[in-house]
Amino acid sequence: MQLASMPFNEIRLDRMSRSFGALNALRDISLSIKKGEFIALLGPSGCGKSTALNCIAGLLSTTGGGIYIDDKRIDQFKPEDRGFGMVFQNYALFPHMSVRKNIGFGLKMRSRPKAEIDTKVDEALALVRLQGQAEKLPGQLSGGQQQRVAIARAIVIEPPLVLMDEPLSNLDAKLRLEMRAEIRRIHNQMKATTIYVTHDQDEALSLADRIVVLRDGAIRQVGTPHELYERPAHLDVAEFMGFRNRFAGKVVSRQGERATVSAGSFSVSGTVAEDLQPGESAVLAVRPDDVTLSDGAPGGVPVTVEAIEYRGREYVGIARTPDGVEIIFHADHAAAPGSTVSLSIDPARALVFAA
Amino acid sequence: MTSSTPQDTTSLRQKLALRGIDGVTLLVLPSVLFVLAIFIYPFIYGLLLSFAPIREGGMFANYITFFSDPYLYNTIAATLRLAVPVTLLSVFVAVPVAMRVRLVRRQRLLTTLLVLPITLGTVLVAQGMLNYLGPQGWFSRSLMLLHIISSPLKLTNNYWGVFLSLIITVFPFTFLLTLSYVTGIDPGLEKAAATHGASAWQRFRHVMLPLLVPGLAIAFCLTFVQAFAVFPSAVLLGAPSGPTRVISIAAAQAAFEQYDFTMASAIAMIMGVVQLCIVLIVLVVRNLFYRGATSGGKG
């Protein structure tokens, strides 16, 4: 199948906003999406990511800004006139229609000839590997199969844009991984421009070409998964990218990219993520993987081990500094709970943000 | 220790519990007694009474009389002529109204307004309609004043009087039932249909309606049974010896004018059978449609 129905170059959100009374659920969302791109909207619940998706789909009207396909403004269009495909969190399959009818729904609504519908539905069934289930009702399928039907239903109409609203959140962990790979495979094959809403950073990192991190209805950062993972621009984004250890303090010295933050009884060096000068309040954030037992090497943070877990290849421990700050660390050998050890933090991997 | 407890009593209790019967089940007894006393016993009494005619001609005499006298058997058609259009109209109007009302914020106010006719009762509605729609009522007089008509519209003491009063008393019930079915359908399905290109009419035709059919069949049956039992308005607003001589009038006349309770029972039985036939037809038709979950996700 080819997405030939509608040639276009980009979909553009121009200061798209939505308010509910006094509440600004979305503020000035501007983004341009290239044809074929896979965009993940990532954020905690309540950040406005589903609102954004519903506005793009036309299920919710915007209260400001515009949505464009190239130069055609579409934000006043009804959802049925936008021609997008959408995959819902709870699948929203039509319970009274067979899998075949569900998938063919969009084509039927477009009054395509029956032969064409049959061919396209067969192709879509093959794409999501559900050839044997075509005559079943959705209620007879498992959650993962239902979600495949929902995906097939959205892409069979060859839409310029496919919207996915947390499509994997109703699946169990194992199935979620499988379906994630499946969505990746389908996207690679179809090259359908996709906006994918999720609160799971692993999904966003593994699927997206670009990730848009939303917080409080506004865009915090846009970047490739690699950029966001290595260089989150905000503490919020860092939190999402697994920087679970945070030390609040003051910048005591700065040399180029390197800054040292004094946090109570100890000081740690890290790489500046925002422009900070000595004396300013700052937060140093670092992933548990980048905190290890220093085994007597100088310059470590002295801590008391509280708990340690065996994770197969390595150990993961929780320790506390004398000031009571909790640190999660990784270690290649066990440390006895209650013992005092020192932890070393890789300054190249620790980031310093403005507090 | 546990082996010393009497085996048979625990096992009986366990067996019952497995079938869902335990001490709480006893709470159903009062209602069973009630149903027996108020419904089952009178029904069987009436059934037997209808086969013990006071007239000559064996146990089926009442039924033979009914089906050989056009003045009697025509009441079936007269009642159907009222009940079927009233029911169809109520259901057909209730669906679009319910589709709209489910989106209204002040649903409760509207619902209260619509429920009022139920609480008023048929006699009060009939009384009001006689005053309002009668030959000297405001309705005709206003139309004459505006020179839209030259002589009073005849809207009472005929078929249309009964028809209108039935609609007024039956519609709120049909509407509330329909509203509950309409709101029971996952709103996500309509959104899904809309994003996949279905216009408002297509969404209704291909998604809402098929999912509503089972509920509408039930709404039809319950409305029909109510409308078929029409009595006060047929007498007060209709032509009880003419086109609105419904079957319940025939039964009332047999019982309270001819004092032939066996004949009245027979007519009541015939009435029940006719209702049952219509209800069965509707339920059979319903079975041809999808009857399952009305949500599109994991259940």
# chains A, B, ... in the order shown; residues from 1 in each chain; ligands from 1
call {"tool": "interface_residues", "arguments": {"of": "chain B", "to": "chain A", "cutoff": "9 Å", "atoms": "only C-alpha atoms", "output": "number ranges by chain"}}
result
B: 186-200, 202, 207, 210-211, 289-299
call {"tool": "residues_around", "arguments": {"residues": "Leu53 of chain A", "least_positions_apart": "4", "cutoff": "12 Å", "atoms": "only C-alpha atoms", "output": "ChimeraX atom specification"}}
result
/A:13,16-18,25-26,29,39-42,47-49,57-62,67,79,84-89,161-166,194-198 /B:195
call {"tool": "residues_around", "arguments": {"residues": "Ser233 of chain B", "least_positions_apart": "4", "cutoff": "8 Å", "atoms": "only C-alpha atoms", "output": "list in words"}}
result
Thr122, Val123, Ala126, Val162, Ser165, Leu166, Leu237 and Gly238 of chain B
call {"tool": "write_last_selection", "arguments": {"atoms": "C-alpha atoms", "output": "PDB file, in the first residue's frame"}}
result
ATOM      1  CA  THR B 122     -54.359   9.886  31.679  1.00  0.00           C
ATOM      2  CA  VAL B 123     -57.591  11.332  33.076  1.00  0.00           C
ATOM      3  CA  ALA B 126     -57.768  13.955  28.838  1.00  0.00           C
ATOM      4  CA  VAL B 162     -57.267   9.411  21.572  1.00  0.00           C
ATOM      5  CA  SER B 165     -53.596  11.849  24.346  1.00  0.00           C
ATOM      6  CA  LEU B 166     -51.881   8.488  23.962  1.00  0.00           C
ATOM      7  CA  LEU B 237     -61.529  11.753  24.206  1.00  0.00           C
ATOM      8  CA  GLY B 238     -62.646   9.191  21.666  1.00  0.00           C
TER       9      GLY B 238
END
call {"tool": "select_by_dssp", "arguments": {"residues": "segment 98-345 of chain A", "states": "strand (DSSP E or B)", "output": "MDAnalysis selection string"}}
result
chainID A and resid 162:165 194:198 210:215 218:223 245:255 258:263 266:272 281:286 291:293 301:310 315:320 326:331 340:345
call {"tool": "residues_around", "arguments": {"residues": "Arg258 of chain A", "least_positions_apart": "5", "cutoff": "9 Å", "atoms": "only C-alpha atoms", "output": "PyMOL selection string"}}
result
chain A and resi 253+269-272+347-348+352
call {"tool": "closest_residue", "arguments": {"among": "A:Glu37, A:Asp209, A:Glu239, A:Asp122", "to": "Val283 of chain A", "atoms": "only C-alpha atoms"}}
result
A:Glu239
call {"tool": "atom_distance", "arguments": {"atom1": "atom CA of Ile278 of chain B", "atom2": "atom CA of Ser248 of chain B"}}
result
17.0 Å
call {"tool": "select_by_dssp", "arguments": {"residues": "segment 23-270 of chain B", "states": "helix (DSSP H, G or I)", "output": "PyMOL selection string"}}
result
chain B and resi 23-50+61-68+70-101+107-120+122-133+138-145+159-183+187-195+200-228+232-236+247-256+261-270
